[in-house]
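**Student:** I have a structure I would like to understand better, so I am pasting it below and will then ask my questions one at a time.
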There are 2 protein chains.
Amino acid sequence: MERSSTPSGGSTRREATRQKLYEAAVTLIAEQGFSATTVDEIAERAGVAKGTVYYNFASKSVLFEELLRHGVELLTASLREAAERTDRDGGTKVDALDAMIRAGLVFISRYPAFTQLYVAELWRTNRTWQSTLMVVRQQAVAVVEGVLREAVAGGELSDEIDIPLTAAALVGMVLVAALDWQSFQPERSLDDVHSALSRLLQGRVSGNR
Amino acid sequence: MERSSTPSGGSTRREATRQKLYEAAVTLIAEQGFSATTVDEIAERAGVAKGTVYYNFASKSVLFEELLRHGVELLTASLREAAERTDRDGGTKVDALDAMIRAGLVFISRYPAFTQLYVAELWRTNRTWQSTLMVVRQQAVAVVEGVLREAVAGGELSDEIDIPLTAAALVGMVLVAALDWQSFQPERSLDDVHSALSRLLQGRVSGNR
DNA sequence: TTTTTTGCACTGACTGGTCAGTGCAAAAAC
DNA sequence: GTTTTTGCACTGACCAGTCAGTGCAAAAAA
């Protein structure tokens, strides 16, 4: 029997409900943590019955894992796009790095709750979604590593730099600076924060300006 | 048999029990999070009866708050000590910054669980120990800000840098790089990680070597 | 056309289990 | 003699997950 459905398979209605659940869950979990957030709260915030959560997701953790995947896909897409745009415009790899820092800041200011939650869970061990988290982390860091590698290959950066460690440190710097910005000095502009970070990396990494 | 009492007044026995509870709680909470960790688990890991936990701490959250306070005191003491030692040895303020980066790495490698847990809780809102956390964060960041301020005053760093933001970014860089090091490449040496971070900050912040 | 059936999306009361915190008497340590 | 710890039974709130049932619109049958 033919039922009405979107071309890509999932019904629109269901997809909308899922989206509402993601949005409700992300803020609650960012504020309180995974374990302290109840499924009842998520359902209530989404304006949906508890049963609906379980109709759409196998369990509370599965909801969370899909939320993580979904969010990191947005982030990596945005980082990649920033790097590619810089390439197209004839910028250097170092310019691309700077553009990715800005893209990171834009992402974090748009989805602060997601970022919070990601940082809070990333280094935990012994959790069911640990493997999901690893995959997802690697996706994001790999984009930065790629640009660093190209910069080294093209002679823009010294080949003495440790690519994985430098990539992790860069990501960490942006993440923590941005979270601090959001939490403790939200009145500052993105340009402000971006230029402070660029300045911090002047000389070796981000070139003179 | 030697009869010793602590200089600070509390009985040694009680203090030892508290210490065992801190150690048990810090690893469990780092792994699982605060809400997912039960008091029974903490007691068992510490090799102590559940009643003892409540004899020594008013509640689970109070245990956690005192744990946070205790840990950050160790960290700030160690940062301050690194900066002062550099001063005594006639180093520049930039040298002091570098020494503090190293002290941060040493601390994190000695107390990885505490660091994990600190990062996981720092940007949460709506939690009872939020105010404790803010106080404690400010203590640590203030040490870095102080050295940055002195470096600017002494002309070692440009007076254009944004001190609070730069301090936060530095702390974040070290924190995230170190956690990544512990989690994903634990075989690397501290010197390795330290020199990668120094290199990242060459030119503007950490000088040439 | 009108009636009946089908399947999807959702609902919310209910259940079985978990866990923070209590109370207390006896033991151990000091 | 006092402080600290133990062991353990108990309570009550809270919560993840379940399930029988509802509303609805498209499809099939009449």
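Quick note on naming: the chains in the structure tokens go A, B, ... in the order shown, residues restart at 1 in each chain, and ligands are numbered from 1 in order of appearance.
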Give the superposed chain A as a tab-separated table (two decimals) with C-alpha atoms, in the first residue's frame, the fit being least squares on chain B over all ordered C-alpha pairs.
**Tutor:**
```
chain	number	residue	atom	x	y	z
A	1	MET	CA	38.95	15.39	77.52
A	2	GLU	CA	42.12	15.31	75.40
A	3	ARG	CA	41.97	13.14	72.33
A	4	SER	CA	44.86	12.30	70.08
A	5	SER	CA	45.03	14.63	67.13
A	6	THR	CA	47.43	16.16	64.67
A	7	PRO	CA	48.84	19.59	65.50
A	8	SER	CA	46.68	21.14	62.79
A	9	GLY	CA	43.49	19.78	64.26
A	10	GLY	CA	42.29	17.01	61.94
A	11	SER	CA	43.15	13.45	62.81
A	12	THR	CA	45.48	11.66	60.44
A	13	ARG	CA	43.12	8.75	60.05
A	14	ARG	CA	40.28	10.95	58.94
A	15	GLU	CA	42.49	12.84	56.54
A	16	ALA	CA	43.63	9.59	54.95
A	17	THR	CA	40.04	8.49	54.46
A	18	ARG	CA	39.15	11.80	52.87
A	19	GLN	CA	42.08	11.46	50.51
A	20	LYS	CA	40.96	7.99	49.47
A	21	LEU	CA	37.48	9.35	48.82
A	22	TYR	CA	38.83	12.20	46.70
A	23	GLU	CA	40.83	9.79	44.62
A	24	ALA	CA	37.92	7.44	44.11
A	25	ALA	CA	35.48	10.23	43.32
A	26	VAL	CA	37.69	12.09	40.88
A	27	THR	CA	38.12	9.19	38.49
A	28	LEU	CA	34.53	8.03	38.68
A	29	ILE	CA	33.11	11.50	38.14
A	30	ALA	CA	35.54	12.21	35.33
A	31	GLU	CA	34.44	9.04	33.57
A	32	GLN	CA	30.72	9.20	34.15
A	33	GLY	CA	29.80	12.68	35.30
A	34	PHE	CA	28.57	13.81	38.69
A	35	SER	CA	24.97	12.68	38.49
A	36	ALA	CA	25.75	9.32	36.95
A	37	THR	CA	28.21	8.48	39.72
A	38	THR	CA	26.66	6.94	42.80
A	39	VAL	CA	27.84	7.35	46.34
A	40	ASP	CA	27.91	3.57	46.65
A	41	GLU	CA	30.38	3.39	43.79
A	42	ILE	CA	32.62	6.03	45.34
A	43	ALA	CA	32.58	4.23	48.68
A	44	GLU	CA	33.30	0.88	47.11
A	45	ARG	CA	36.18	2.20	45.03
A	46	ALA	CA	37.64	3.86	48.11
A	47	GLY	CA	37.29	0.62	50.07
A	48	VAL	CA	35.05	2.24	52.65
A	49	ALA	CA	31.44	1.93	53.79
A	50	LYS	CA	28.82	4.28	52.45
A	51	GLY	CA	28.24	5.73	55.88
A	52	THR	CA	31.85	6.85	55.99
A	53	VAL	CA	31.28	9.12	53.03
A	54	TYR	CA	28.56	10.87	55.00
A	55	TYR	CA	30.63	10.87	58.15
A	56	ASN	CA	33.29	12.83	56.28
A	57	PHE	CA	31.23	14.99	53.97
A	58	ALA	CA	27.82	16.55	54.42
A	59	SER	CA	26.60	15.40	51.03
A	60	LYS	CA	27.67	14.14	47.64
A	61	SER	CA	27.88	17.71	46.29
A	62	VAL	CA	29.95	18.90	49.22
A	63	LEU	CA	32.42	16.11	48.59
A	64	PHE	CA	32.60	17.25	45.01
A	65	GLU	CA	33.03	20.91	45.84
A	66	GLU	CA	35.87	20.23	48.23
A	67	LEU	CA	37.45	18.04	45.60
A	68	LEU	CA	37.34	20.94	43.14
A	69	ARG	CA	38.83	23.36	45.60
A	70	HIS	CA	41.58	20.95	46.51
A	71	GLY	CA	42.49	20.26	42.88
A	72	VAL	CA	42.56	23.85	41.70
A	73	GLU	CA	44.75	24.80	44.62
A	74	LEU	CA	47.32	22.32	43.37
A	75	LEU	CA	47.09	23.76	39.87
A	76	THR	CA	47.44	27.43	40.82
A	77	ALA	CA	50.31	26.63	43.15
A	78	SER	CA	52.08	24.89	40.34
A	79	LEU	CA	51.48	27.72	37.84
A	80	ARG	CA	52.65	30.33	40.31
A	81	GLU	CA	55.72	28.31	41.13
A	82	ALA	CA	56.62	28.04	37.45
A	83	ALA	CA	56.29	31.79	36.94
A	84	GLU	CA	58.34	32.59	40.04
A	85	ARG	CA	61.07	30.15	39.15
A	86	THR	CA	61.43	31.76	35.73
A	87	ASP	CA	61.64	35.18	37.36
A	88	ARG	CA	64.35	34.03	39.74
A	89	ASP	CA	66.32	32.59	36.85
A	90	GLY	CA	66.22	35.92	35.09
A	91	GLY	CA	63.81	34.85	32.33
A	92	THR	CA	61.47	37.23	30.54
A	93	LYS	CA	57.72	37.31	31.16
A	94	VAL	CA	57.27	35.53	27.89
A	95	ASP	CA	59.55	32.81	29.21
A	96	ALA	CA	57.34	32.68	32.27
A	97	LEU	CA	54.30	32.17	30.05
A	98	ASP	CA	56.05	29.31	28.32
A	99	ALA	CA	57.00	27.81	31.67
A	100	MET	CA	53.38	28.03	32.78
A	101	ILE	CA	52.26	26.21	29.67
A	102	ARG	CA	54.67	23.45	30.57
A	103	ALA	CA	53.50	23.45	34.18
A	104	GLY	CA	49.93	23.16	32.92
A	105	LEU	CA	50.85	20.19	30.78
A	106	VAL	CA	52.66	18.52	33.67
A	107	PHE	CA	49.66	19.03	35.93
A	108	ILE	CA	47.24	17.64	33.39
A	109	SER	CA	49.36	14.60	32.68
A	110	ARG	CA	49.58	13.94	36.40
A	111	TYR	CA	45.91	14.51	37.16
A	112	PRO	CA	44.08	13.83	33.91
A	113	ALA	CA	40.85	12.85	35.62
A	114	PHE	CA	40.66	16.08	37.54
A	115	THR	CA	41.19	18.11	34.39
A	116	GLN	CA	38.52	16.19	32.54
A	117	LEU	CA	36.01	16.76	35.26
A	118	TYR	CA	36.89	20.42	35.58
A	119	VAL	CA	36.37	21.10	31.89
A	120	ALA	CA	33.15	19.14	31.86
A	121	GLU	CA	31.62	21.13	34.69
A	122	LEU	CA	33.05	24.60	34.16
A	123	TRP	CA	30.48	26.01	31.79
A	124	ARG	CA	27.40	24.43	33.23
A	125	THR	CA	24.89	26.71	34.82
A	126	ASN	CA	22.14	25.91	37.31
A	127	ARG	CA	24.26	23.73	39.52
A	128	THR	CA	24.75	24.09	43.22
A	129	TRP	CA	28.51	24.28	43.03
A	130	GLN	CA	28.51	26.94	40.33
A	131	SER	CA	29.84	29.62	42.66
A	132	THR	CA	32.63	27.40	43.93
A	133	LEU	CA	33.60	26.75	40.37
A	134	MET	CA	33.71	30.43	39.50
A	135	VAL	CA	35.97	31.30	42.40
A	136	VAL	CA	38.25	28.45	41.61
A	137	ARG	CA	38.41	29.25	37.90
A	138	GLN	CA	39.26	32.85	38.61
A	139	GLN	CA	42.16	31.80	40.83
A	140	ALA	CA	43.78	29.89	38.01
A	141	VAL	CA	43.11	32.39	35.23
A	142	ALA	CA	44.28	35.27	37.43
A	143	VAL	CA	47.78	33.83	37.59
A	144	VAL	CA	48.01	33.88	33.79
A	145	GLU	CA	46.47	37.34	33.60
A	146	GLY	CA	49.03	38.61	36.09
A	147	VAL	CA	51.95	37.49	33.98
A	148	LEU	CA	50.34	38.87	30.81
A	149	ARG	CA	49.85	42.20	32.54
A	150	GLU	CA	53.48	42.32	33.62
A	151	ALA	CA	54.57	41.42	30.10
A	152	VAL	CA	52.55	44.32	28.72
A	153	ALA	CA	53.83	46.69	31.39
A	154	GLY	CA	57.40	45.71	30.61
A	155	GLY	CA	56.88	46.23	26.89
A	156	GLU	CA	57.28	42.57	26.04
A	157	LEU	CA	53.78	42.31	24.63
A	158	SER	CA	51.66	44.84	22.79
A	159	ASP	CA	49.32	46.81	25.01
A	160	GLU	CA	46.59	46.13	22.48
A	161	ILE	CA	46.07	42.59	23.68
A	162	ASP	CA	42.92	41.84	25.58
A	163	ILE	CA	44.24	40.39	28.80
A	164	PRO	CA	41.24	38.44	30.16
A	165	LEU	CA	40.34	37.05	26.77
A	166	THR	CA	43.91	36.14	25.91
A	167	ALA	CA	44.38	34.47	29.26
A	168	ALA	CA	41.22	32.44	28.76
A	169	ALA	CA	42.26	31.47	25.25
A	170	LEU	CA	45.70	30.39	26.43
A	171	VAL	CA	44.28	28.31	29.24
A	172	GLY	CA	41.79	26.78	26.82
A	173	MET	CA	44.43	25.99	24.28
A	174	VAL	CA	46.58	24.15	26.79
A	175	LEU	CA	43.61	22.38	28.38
A	176	VAL	CA	42.14	21.10	25.16
A	177	ALA	CA	45.45	20.22	23.52
A	178	ALA	CA	46.46	18.29	26.64
A	179	LEU	CA	43.18	16.42	26.93
A	180	ASP	CA	43.40	15.49	23.29
A	181	TRP	CA	46.96	14.36	23.82
A	182	GLN	CA	45.95	12.16	26.75
A	183	SER	CA	42.89	10.74	25.05
A	184	PHE	CA	43.98	10.31	21.48
A	185	GLN	CA	47.79	10.21	21.28
A	186	PRO	CA	49.02	9.25	24.76
A	187	GLU	CA	52.26	7.86	23.38
A	188	ARG	CA	53.65	11.33	22.62
A	189	SER	CA	56.08	12.93	25.02
A	190	LEU	CA	55.36	16.03	27.04
A	191	ASP	CA	58.23	17.83	25.28
A	192	ASP	CA	56.60	17.07	21.99
A	193	VAL	CA	53.31	18.58	22.99
A	194	HIS	CA	54.98	21.51	24.66
A	195	SER	CA	57.02	22.40	21.61
A	196	ALA	CA	53.96	22.13	19.35
A	197	LEU	CA	52.14	24.63	21.54
A	198	SER	CA	55.16	26.94	21.76
A	199	ARG	CA	55.44	26.89	18.02
A	200	LEU	CA	51.79	27.76	17.68
A	201	LEU	CA	52.41	30.87	19.73
A	202	GLN	CA	55.67	31.88	18.13
A	203	GLY	CA	56.14	35.43	16.97
A	204	ARG	CA	53.67	37.34	19.03
A	205	VAL	CA	53.38	35.46	22.24
A	206	SER	CA	56.18	33.07	22.91
A	207	GLY	CA	59.14	34.66	21.13
A	208	ASN	CA	61.51	32.99	18.71
A	209	ARG	CA	63.62	30.09	19.74
```
**Student:** Identify every residue of chain C that has at least one atom within 12 Å of any atom of chain B, counting only C-alpha atoms (C1' of nucleotides), and report the result as a compact mmCIF listing (two decimals) with N, CA, C and O atoms (P, O5', C5', C4', C3', O3' and C1' of nucleotides), in the first residue's frame.
**Tutor:**
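out24.txt was written with the following content:
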```txt
# COMPACT_ATOMS: atom_id res chain seq x y z
P DT C 18 17.90 -1.97 39.22
O5' DT C 18 18.32 -0.45 39.43
C5' DT C 18 17.95 0.52 38.44
C4' DT C 18 18.15 1.89 39.04
C3' DT C 18 19.28 1.95 40.08
O3' DT C 18 20.03 3.11 39.81
C1' DT C 18 17.29 2.80 41.00
P DC C 19 21.54 3.26 40.33
O5' DC C 19 21.40 4.49 41.33
C5' DC C 19 20.58 5.61 40.93
C4' DC C 19 20.28 6.43 42.15
C3' DC C 19 21.40 6.40 43.19
O3' DC C 19 21.58 7.72 43.64
C1' DC C 19 19.35 5.85 44.18
P DA C 20 23.02 8.20 44.24
O5' DA C 20 22.54 9.33 45.23
C5' DA C 20 21.77 10.40 44.69
C4' DA C 20 20.95 11.03 45.79
C3' DA C 20 21.75 11.47 47.00
O3' DA C 20 21.17 12.68 47.47
C1' DA C 20 20.16 9.80 47.65
P DG C 21 21.91 13.55 48.58
O5' DG C 21 21.32 12.92 49.92
C5' DG C 21 19.93 13.13 50.17
C4' DG C 21 19.48 12.22 51.29
C3' DG C 21 20.31 12.29 52.58
O3' DG C 21 19.43 12.71 53.62
C1' DG C 21 19.75 10.09 52.04
P DT C 22 19.95 12.83 55.14
O5' DT C 22 19.17 11.65 55.86
C5' DT C 22 17.84 11.34 55.48
C4' DT C 22 17.30 10.25 56.39
C3' DT C 22 17.75 10.35 57.85
O3' DT C 22 16.60 10.12 58.65
C1' DT C 22 18.29 8.21 56.99
P DG C 23 16.67 10.51 60.25
O5' DG C 23 16.80 9.10 60.96
C5' DG C 23 16.21 7.95 60.35
C4' DG C 23 16.40 6.76 61.28
C3' DG C 23 16.98 7.14 62.64
O3' DG C 23 16.38 6.29 63.61
C1' DG C 23 18.51 5.74 61.49
P DC C 24 16.66 6.54 65.18
O5' DC C 24 17.52 5.26 65.57
C5' DC C 24 17.34 4.02 64.88
C4' DC C 24 18.49 3.09 65.16
C3' DC C 24 19.30 3.46 66.41
O3' DC C 24 19.62 2.29 67.12
C1' DC C 24 20.75 3.22 64.61
P DA C 29 40.70 -0.93 64.63
O5' DA C 29 40.76 0.62 65.00
C5' DA C 29 40.24 1.56 64.09
C4' DA C 29 40.42 2.96 64.65
C3' DA C 29 41.83 3.23 65.20
O3' DA C 29 42.22 4.48 64.67
C1' DA C 29 40.20 3.78 66.81
P DC C 30 43.71 4.99 64.73
O5' DC C 30 43.58 6.03 65.92
C5' DC C 30 42.60 7.08 65.81
C4' DC C 30 42.47 7.77 67.15
C3' DC C 30 43.79 8.02 67.87
O3' DC C 30 44.03 9.41 67.96
C1' DC C 30 42.08 7.30 69.35
```
**Student:** Wanna dump the chain D-chain B contacts at 12 Å for me, each residue with its shortest atom pair and the distance in Å to one decimal, counting only C-alpha atoms (C1' of nucleotides), ordered by chain and number, as JSON lines?
**Tutor:**
```
{"residue": "D:DT3", "atom": "C1'", "partner": "B:Ser11", "partner_atom": "CA", "distance": 9.6}
{"residue": "D:DT4", "atom": "C1'", "partner": "B:Arg14", "partner_atom": "CA", "distance": 7.5}
{"residue": "D:DT5", "atom": "C1'", "partner": "B:Thr52", "partner_atom": "CA", "distance": 6.4}
{"residue": "D:DT6", "atom": "C1'", "partner": "B:Ala49", "partner_atom": "CA", "distance": 6.2}
{"residue": "D:DG7", "atom": "C1'", "partner": "B:Ala49", "partner_atom": "CA", "distance": 7.6}
{"residue": "D:DC8", "atom": "C1'", "partner": "B:Gly51", "partner_atom": "CA", "distance": 10.2}
```
**Student:** I'd like to know which residues of stretch 33-184 of chain B are alpha helix (DSSP H) (by DSSP, run on the backbone); could you write them as an NGL selection string?
**Tutor:** :B and (39-46 or 50-56 or 60-88 or 93-110 or 112-122 or 130-153 or 163-184)
**Student:** Please compute the atom C1' of D:DG21-atom C1' of C:DT2 distance, one decimal, in Å.
**Tutor:**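 Distance reported for this atom pair: 26.7 Å.
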**Student:** Identify, on the basis of only C-alpha atoms (C1' of nucleotides), every residue whose closest approach to D:DA30 does not exceed 12 Å; exclude the query and any residue fewer than 4 positions from it along the same chain; express the result as a list in words.
**Tutor:**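 Neighbouring residues, sequence-local ones excluded: DT1, DT2, DT3 and DT4 of chain C.
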**Student:** Please, could you write that set of residues out with C-alpha atoms (C1' of nucleotides) as a PDB file, in the first residue's frame?
**Tutor:**
```pdb
ATOM      1  C1'  DT C   1     -20.349   8.147  -3.820  1.00  0.00           C
ATOM      2  C1'  DT C   2     -20.091   6.321   0.712  1.00  0.00           C
ATOM      3  C1'  DT C   3     -18.124   3.048   3.820  1.00  0.00           C
ATOM      4  C1'  DT C   4     -14.479   0.406   5.630  1.00  0.00           C
TER       5       DT C   4
END
```
